[in-house]
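Below: protein.tsv (TSV, C-alpha atoms)
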chain	number	residue	atom	x	y	z
A	1	MET	CA	0.00	0.00	0.00
A	2	SER	CA	1.44	3.39	-0.96
A	3	LYS	CA	1.60	6.32	1.41
A	4	PRO	CA	-0.79	9.27	0.95
A	5	SER	CA	0.22	12.20	-1.25
A	6	TYR	CA	-1.01	15.69	-2.08
A	7	VAL	CA	-0.68	17.51	-5.43
A	8	TYR	CA	-1.41	21.19	-6.13
A	9	VAL	CA	-1.09	22.82	-9.57
A	10	THR	CA	-1.22	26.53	-10.32
A	11	TYR	CA	-0.15	28.85	-13.14
A	12	ILE	CA	1.79	31.99	-12.21
A	13	GLU	CA	2.52	34.90	-14.50
A	14	THR	CA	6.26	35.12	-13.92
A	15	SER	CA	9.48	33.57	-15.16
A	16	ALA	CA	10.85	30.25	-13.93
A	17	GLU	CA	13.92	32.08	-12.61
A	18	LYS	CA	11.82	34.49	-10.51
A	19	LEU	CA	9.69	31.62	-9.21
A	20	TRP	CA	12.81	29.63	-8.28
A	21	HIS	CA	14.12	32.67	-6.41
A	22	ALA	CA	10.80	33.03	-4.59
A	23	LEU	CA	10.94	29.39	-3.47
A	24	THR	CA	14.54	29.52	-2.23
A	25	ASP	CA	15.15	33.04	-0.90
A	26	GLY	CA	14.51	33.57	2.81
A	27	ASP	CA	13.58	37.25	2.45
A	28	PHE	CA	10.98	36.28	-0.15
A	29	THR	CA	9.51	33.25	1.68
A	30	GLU	CA	9.06	35.31	4.80
A	31	ARG	CA	6.72	37.60	2.84
A	32	TYR	CA	4.32	34.93	1.51
A	33	TRP	CA	4.82	32.00	3.93
A	34	PHE	CA	3.26	33.74	6.93
A	35	GLY	CA	6.53	34.87	8.51
A	36	HIS	CA	8.49	31.65	7.86
A	37	ARG	CA	11.97	32.12	6.50
A	38	ILE	CA	13.71	29.36	4.56
A	39	ALA	CA	17.48	28.90	4.57
A	40	SER	CA	19.75	26.45	2.72
A	41	ALA	CA	22.74	26.21	0.42
A	42	TRP	CA	20.36	24.53	-2.10
A	43	LYS	CA	22.72	21.72	-3.05
A	44	PRO	CA	21.62	18.05	-2.97
A	45	GLY	CA	22.24	16.71	0.52
A	46	SER	CA	22.46	20.12	2.19
A	47	PRO	CA	20.17	20.88	5.12
A	48	TYR	CA	17.40	23.45	4.96
A	49	ARG	CA	15.10	24.85	7.60
A	50	PHE	CA	11.99	26.98	7.93
A	51	THR	CA	12.13	29.34	10.89
A	52	ASN	CA	9.11	31.16	12.27
A	53	VAL	CA	10.71	34.58	12.49
A	54	SER	CA	8.41	36.02	15.16
A	55	GLU	CA	8.90	33.01	17.45
A	56	GLY	CA	12.51	32.31	16.51
A	57	ARG	CA	11.94	28.57	16.26
A	58	CYS	CA	12.39	25.97	13.56
A	59	THR	CA	9.04	24.67	12.33
A	60	VAL	CA	10.11	22.40	9.44
A	61	ASP	CA	13.49	21.11	8.35
A	62	GLY	CA	15.13	18.43	6.26
A	63	HIS	CA	17.59	17.97	3.43
A	64	VAL	CA	17.64	19.01	-0.20
A	65	ILE	CA	17.04	16.01	-2.46
A	66	THR	CA	17.07	17.69	-5.88
A	67	ALA	CA	18.10	21.21	-6.86
A	68	ASP	CA	17.90	21.76	-10.62
A	69	PRO	CA	17.31	25.51	-11.06
A	70	PRO	CA	14.94	26.68	-12.36
A	71	ARG	CA	13.15	23.41	-13.13
A	72	ARG	CA	12.88	21.18	-10.08
A	73	LEU	CA	13.40	21.42	-6.36
A	74	SER	CA	12.68	18.72	-3.83
A	75	TYR	CA	13.42	18.33	-0.16
A	76	SER	CA	12.51	16.14	2.77
A	77	TRP	CA	9.96	17.61	5.19
A	78	LEU	CA	10.05	17.01	8.92
A	79	ASN	CA	7.26	18.94	10.63
A	80	HIS	CA	8.04	19.89	14.25
A	81	LYS	CA	4.41	20.41	15.32
A	82	PRO	CA	3.56	18.11	18.24
A	83	GLU	CA	0.53	16.71	16.39
A	84	ALA	CA	2.83	15.60	13.55
A	85	ALA	CA	5.08	13.60	15.87
A	86	GLY	CA	5.33	10.01	14.78
A	87	GLU	CA	4.45	10.73	11.15
A	88	GLY	CA	8.09	10.85	10.12
A	89	THR	CA	9.62	12.61	7.17
A	90	SER	CA	7.75	13.32	3.95
A	91	ARG	CA	8.91	14.86	0.67
A	92	VAL	CA	8.01	18.05	-1.19
A	93	THR	CA	8.74	18.48	-4.91
A	94	PHE	CA	8.29	21.67	-6.94
A	95	ASP	CA	8.18	21.24	-10.73
A	96	LEU	CA	8.41	24.48	-12.73
A	97	GLU	CA	7.35	24.36	-16.39
A	98	PRO	CA	7.42	27.58	-18.45
A	99	HIS	CA	4.42	28.08	-20.75
A	100	GLY	CA	4.88	31.40	-22.55
A	101	LYS	CA	4.38	34.21	-20.05
A	102	VAL	CA	3.39	31.87	-17.23
A	103	VAL	CA	4.96	29.05	-15.28
A	104	LYS	CA	3.03	25.93	-14.40
A	105	LEU	CA	3.95	25.10	-10.80
A	106	THR	CA	3.20	21.59	-9.60
A	107	VAL	CA	3.76	20.94	-5.92
A	108	THR	CA	3.74	17.30	-4.89
A	109	HIS	CA	3.92	16.50	-1.18
A	110	ASP	CA	4.24	12.76	-0.83
A	111	GLU	CA	5.51	9.96	1.40
A	112	LEU	CA	3.11	11.30	4.04
A	113	GLY	CA	2.50	9.54	7.33
A	114	GLU	CA	-0.53	7.31	7.54
A	115	ASP	CA	-1.89	9.04	10.68
A	116	GLY	CA	-3.21	11.78	8.39
A	117	ASN	CA	-2.23	14.78	10.54
A	118	THR	CA	0.32	16.15	8.08
A	119	LEU	CA	-2.00	15.52	5.12
A	120	ARG	CA	-4.77	17.43	6.91
A	121	ASP	CA	-2.44	20.35	7.70
A	122	ILE	CA	-0.90	20.64	4.23
A	123	SER	CA	-4.29	20.29	2.50
A	124	GLY	CA	-5.21	23.61	4.07
A	125	GLY	CA	-1.72	25.08	4.19
A	126	TRP	CA	-0.42	24.63	0.64
A	127	PRO	CA	-3.37	26.45	-1.00
A	128	MET	CA	-2.86	29.46	1.30
A	129	VAL	CA	0.92	29.56	0.82
A	130	LEU	CA	0.75	29.11	-2.95
A	131	SER	CA	-2.06	31.66	-3.34
A	132	ASN	CA	0.10	34.15	-1.46
A	133	LEU	CA	3.10	33.27	-3.62
A	134	LYS	CA	1.10	33.72	-6.83
A	135	SER	CA	-0.33	37.04	-5.70
A	136	LEU	CA	3.04	38.37	-4.57
A	137	LEU	CA	4.75	37.47	-7.85
A	138	GLU	CA	1.92	38.81	-10.01
A	139	THR	CA	0.86	41.93	-8.08
A	140	GLY	CA	3.66	42.71	-5.64
A	141	HIS	CA	1.57	42.05	-2.53
A	142	VAL	CA	0.17	39.08	-0.63
A	143	ILE	CA	-3.53	38.52	-0.07
A	144	GLU	CA	-5.25	38.88	3.29
A	145	ILE	CA	-5.36	35.31	4.58
A	146	VAL	CA	-5.29	34.44	8.25
A	147	PRO	CA	-4.03	30.88	8.74
A	148	PRO	CA	-6.35	28.83	11.00
A	149	SER	CA	-3.61	28.51	13.64
A	150	CYS	CA	-3.49	32.33	13.85
A	151	ALA	CA	-7.24	33.07	13.69
A	152	GLY	CA	-7.70	33.22	17.46
A	153	GLN	CA	-4.77	35.64	17.83
A	154	ASN	CA	-6.54	38.23	15.67
A	155	ALA	CA	-9.90	38.12	17.43
A	156	ALA	CA	-10.95	41.30	19.18
Could you rewrite the structure in this file as structure tokens?
Amino acid sequence: MSKPSYVYVTYIETSAEKLWHALTDGDFTERYWFGHRIASAWKPGSPYRFTNVSEGRCTVDGHVITADPPRRLSYSWLNHKPEAAGEGTSRVTFDLEPHGKVVKLTVTHDELGEDGNTLRDISGGWPMVLSNLKSLLETGHVIEIVPPSCAGQNAA
């Protein structure tokens, strides 16, 4: 029996080079990934980590599996949320395919744990992150999305 997977496809009006930069530059990810900054040398085998800037803690980390700019990026994904404990490491792959003035971005998050906690989280998380990414690249600003984990913090 194969492990669960999640696939999200979107088209972004940008170049593959700009999209690659957006996926791998910490200053850029912090803008669309709800304050999470990514850092890595982006070489196969090198570590990477997402840090929640406001809390100063690592939320996800792993190792780069494939780095083929600006076509394909994949890395292992170890979520440090307590509810994801025991699900192990999964894999995220970004495939970038230029189509004229747009890039088809396919995000595949696979090798997910069978408990379903990570699948549940990413099924809500990836659409928000990728919508923000698309908006930022196309318009210069992110959209007003409050992630469910932050909704209570913004209540009056």
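Compared by their closest atoms to Tyr48 in chain A, and using all atoms listed in the file, the residues A:Tyr75, A:Phe28, A:Met128, A:Leu23 rank with A:Tyr75 nearest.
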For this session: Might you pull out every residue within 12 Å of Val64 in chain A, with only C-alpha atoms counted and same-chain residues fewer than 5 positions away left off, and present them as a list in words?
Result: Thr24, Ala39, Ser40, Ala41, Trp42, Lys43, Pro44, Gly45, Ser46, Pro47, Tyr48, Arg49, Arg72, Leu73, Ser74, Tyr75, Ser76, Trp77, Arg91, Val92, Thr93 and Phe94 of chain A
Mind dumping the selected residues with C-alpha atoms as a tab-separated table (two decimals), in the coordinates of the input?
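Dumped everything to selection00.tsv:
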chain	number	residue	atom	x	y	z
A	24	THR	CA	14.54	29.52	-2.23
A	39	ALA	CA	17.48	28.90	4.57
A	40	SER	CA	19.75	26.45	2.72
A	41	ALA	CA	22.74	26.21	0.42
A	42	TRP	CA	20.36	24.53	-2.10
A	43	LYS	CA	22.72	21.72	-3.05
A	44	PRO	CA	21.62	18.05	-2.97
A	45	GLY	CA	22.24	16.71	0.52
A	46	SER	CA	22.46	20.12	2.19
A	47	PRO	CA	20.17	20.88	5.12
A	48	TYR	CA	17.40	23.45	4.96
A	49	ARG	CA	15.10	24.85	7.60
A	72	ARG	CA	12.88	21.18	-10.08
A	73	LEU	CA	13.40	21.42	-6.36
A	74	SER	CA	12.68	18.72	-3.83
A	75	TYR	CA	13.42	18.33	-0.16
A	76	SER	CA	12.51	16.14	2.77
A	77	TRP	CA	9.96	17.61	5.19
A	91	ARG	CA	8.91	14.86	0.67
A	92	VAL	CA	8.01	18.05	-1.19
A	93	THR	CA	8.74	18.48	-4.91
A	94	PHE	CA	8.29	21.67	-6.94
Exercise. For Thr66 in chain A, which of A:Lys101, A:Asp95, A:Ala16, A:Val129 is the closest residue, counting all atoms listed in the file?
Worked result: A:Asp95
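With distances taken over all atoms listed in the file, A:Tyr11 is the one residue among A:Trp33, A:Trp126, A:Trp20, A:Tyr11 lying closest to Val102 in chain A.
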For this session: Write out as a list of chain:residue names each polymer residue whose atoms come within 12 Å of Leu137 in chain A, counting all atoms listed in the file; drop sequence neighbours fewer than 5 positions from it.
Result: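 My reading of the contact set: A:Tyr11, A:Ile12, A:Glu13, A:Thr14, A:Ser15, A:Ala16, A:Glu17, A:Lys18, A:Leu19, A:Trp20, A:His21, A:Ala22, A:Leu23, A:Phe28, A:Thr29, A:Arg31, A:Tyr32, A:Val102, A:Val103, A:Leu130, A:Ser131, A:Asn132, A:Val142, A:Ile143.
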For this session: For CA of Thr106 in chain A and CA of Glu83 in chain A, quote the distance in Å rounded to one decimal.
Result: 26.6 Å
Problem set entry | Atom pair CA of Val60 in chain A / CA of Glu138 in chain A: separation (Å) | 26.7 Å
With a distance cut-off of 8 Å and only C-alpha atoms, select the neighbouring residues of Leu78 in chain A, excluding the residue or stretch itself and same-chain residues fewer than 6 positions from it, and output the selection as a short mmCIF file (atom, residue, chain, number, x, y, z; two decimals) with C-alpha atoms, in the frame of the given file.
data_model
loop_
_atom_site.label_atom_id
_atom_site.label_comp_id
_atom_site.auth_asym_id
_atom_site.auth_seq_id
_atom_site.Cartn_x
_atom_site.Cartn_y
_atom_site.Cartn_z
CA VAL A 60 10.11 22.40 9.44
CA ASP A 61 13.49 21.11 8.35
CA GLY A 62 15.13 18.43 6.26
CA GLY A 88 8.09 10.85 10.12
CA THR A 89 9.62 12.61 7.17
CA SER A 90 7.75 13.32 3.95
#
Exercise. Taking all atoms listed in the file into account, which of A:Val107, A:Cys58, A:Ile145, A:Ala67 comes nearest Ser123 in chain A?
Worked result: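 Closest residue, counting all atoms listed in the file: A:Val107.
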Problem set entry | Selection: 6 Å around Leu96 in chain A, only C-alpha atoms, excl. self and same-chain fewer than 6 positions, as a ChimeraX atom specification | /A:71,104-105
Please produce a file of the residues just selected, as a PDB file, in the coordinates of the input, where the atoms kept are C-alpha atoms.
ATOM      1  CA  ARG A  71      13.150  23.410 -13.130  1.00  0.00           C
ATOM      2  CA  LYS A 104       3.030  25.930 -14.400  1.00  0.00           C
ATOM      3  CA  LEU A 105       3.950  25.100 -10.800  1.00  0.00           C
TER       4      LEU A 105
END
For this session: Name the residues, using the chain letters and numbers of the file, that sit within 12 Å of (6.1, 9.2, 4.4) when counting only C-alpha atoms, and give them as JSON, numbers by chain.
Result: {"A": [1, 2, 3, 4, 5, 6, 76, 77, 78, 79, 84, 86, 87, 88, 89, 90, 91, 92, 109, 110, 111, 112, 113, 114, 115, 116, 117, 118, 119]}
For this session: May I ask for the distance between CA of Thr59 in chain A and CA of His36 in chain A, given in Å to one decimal place?
Result: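 Interatomic distance here is 8.3 Å.
Comparing A:Asn52, A:Pro70, A:Pro82, A:Thr10 by their smallest distance to Ser135 in chain A, the closest is A:Thr10 (using only C-alpha atoms).
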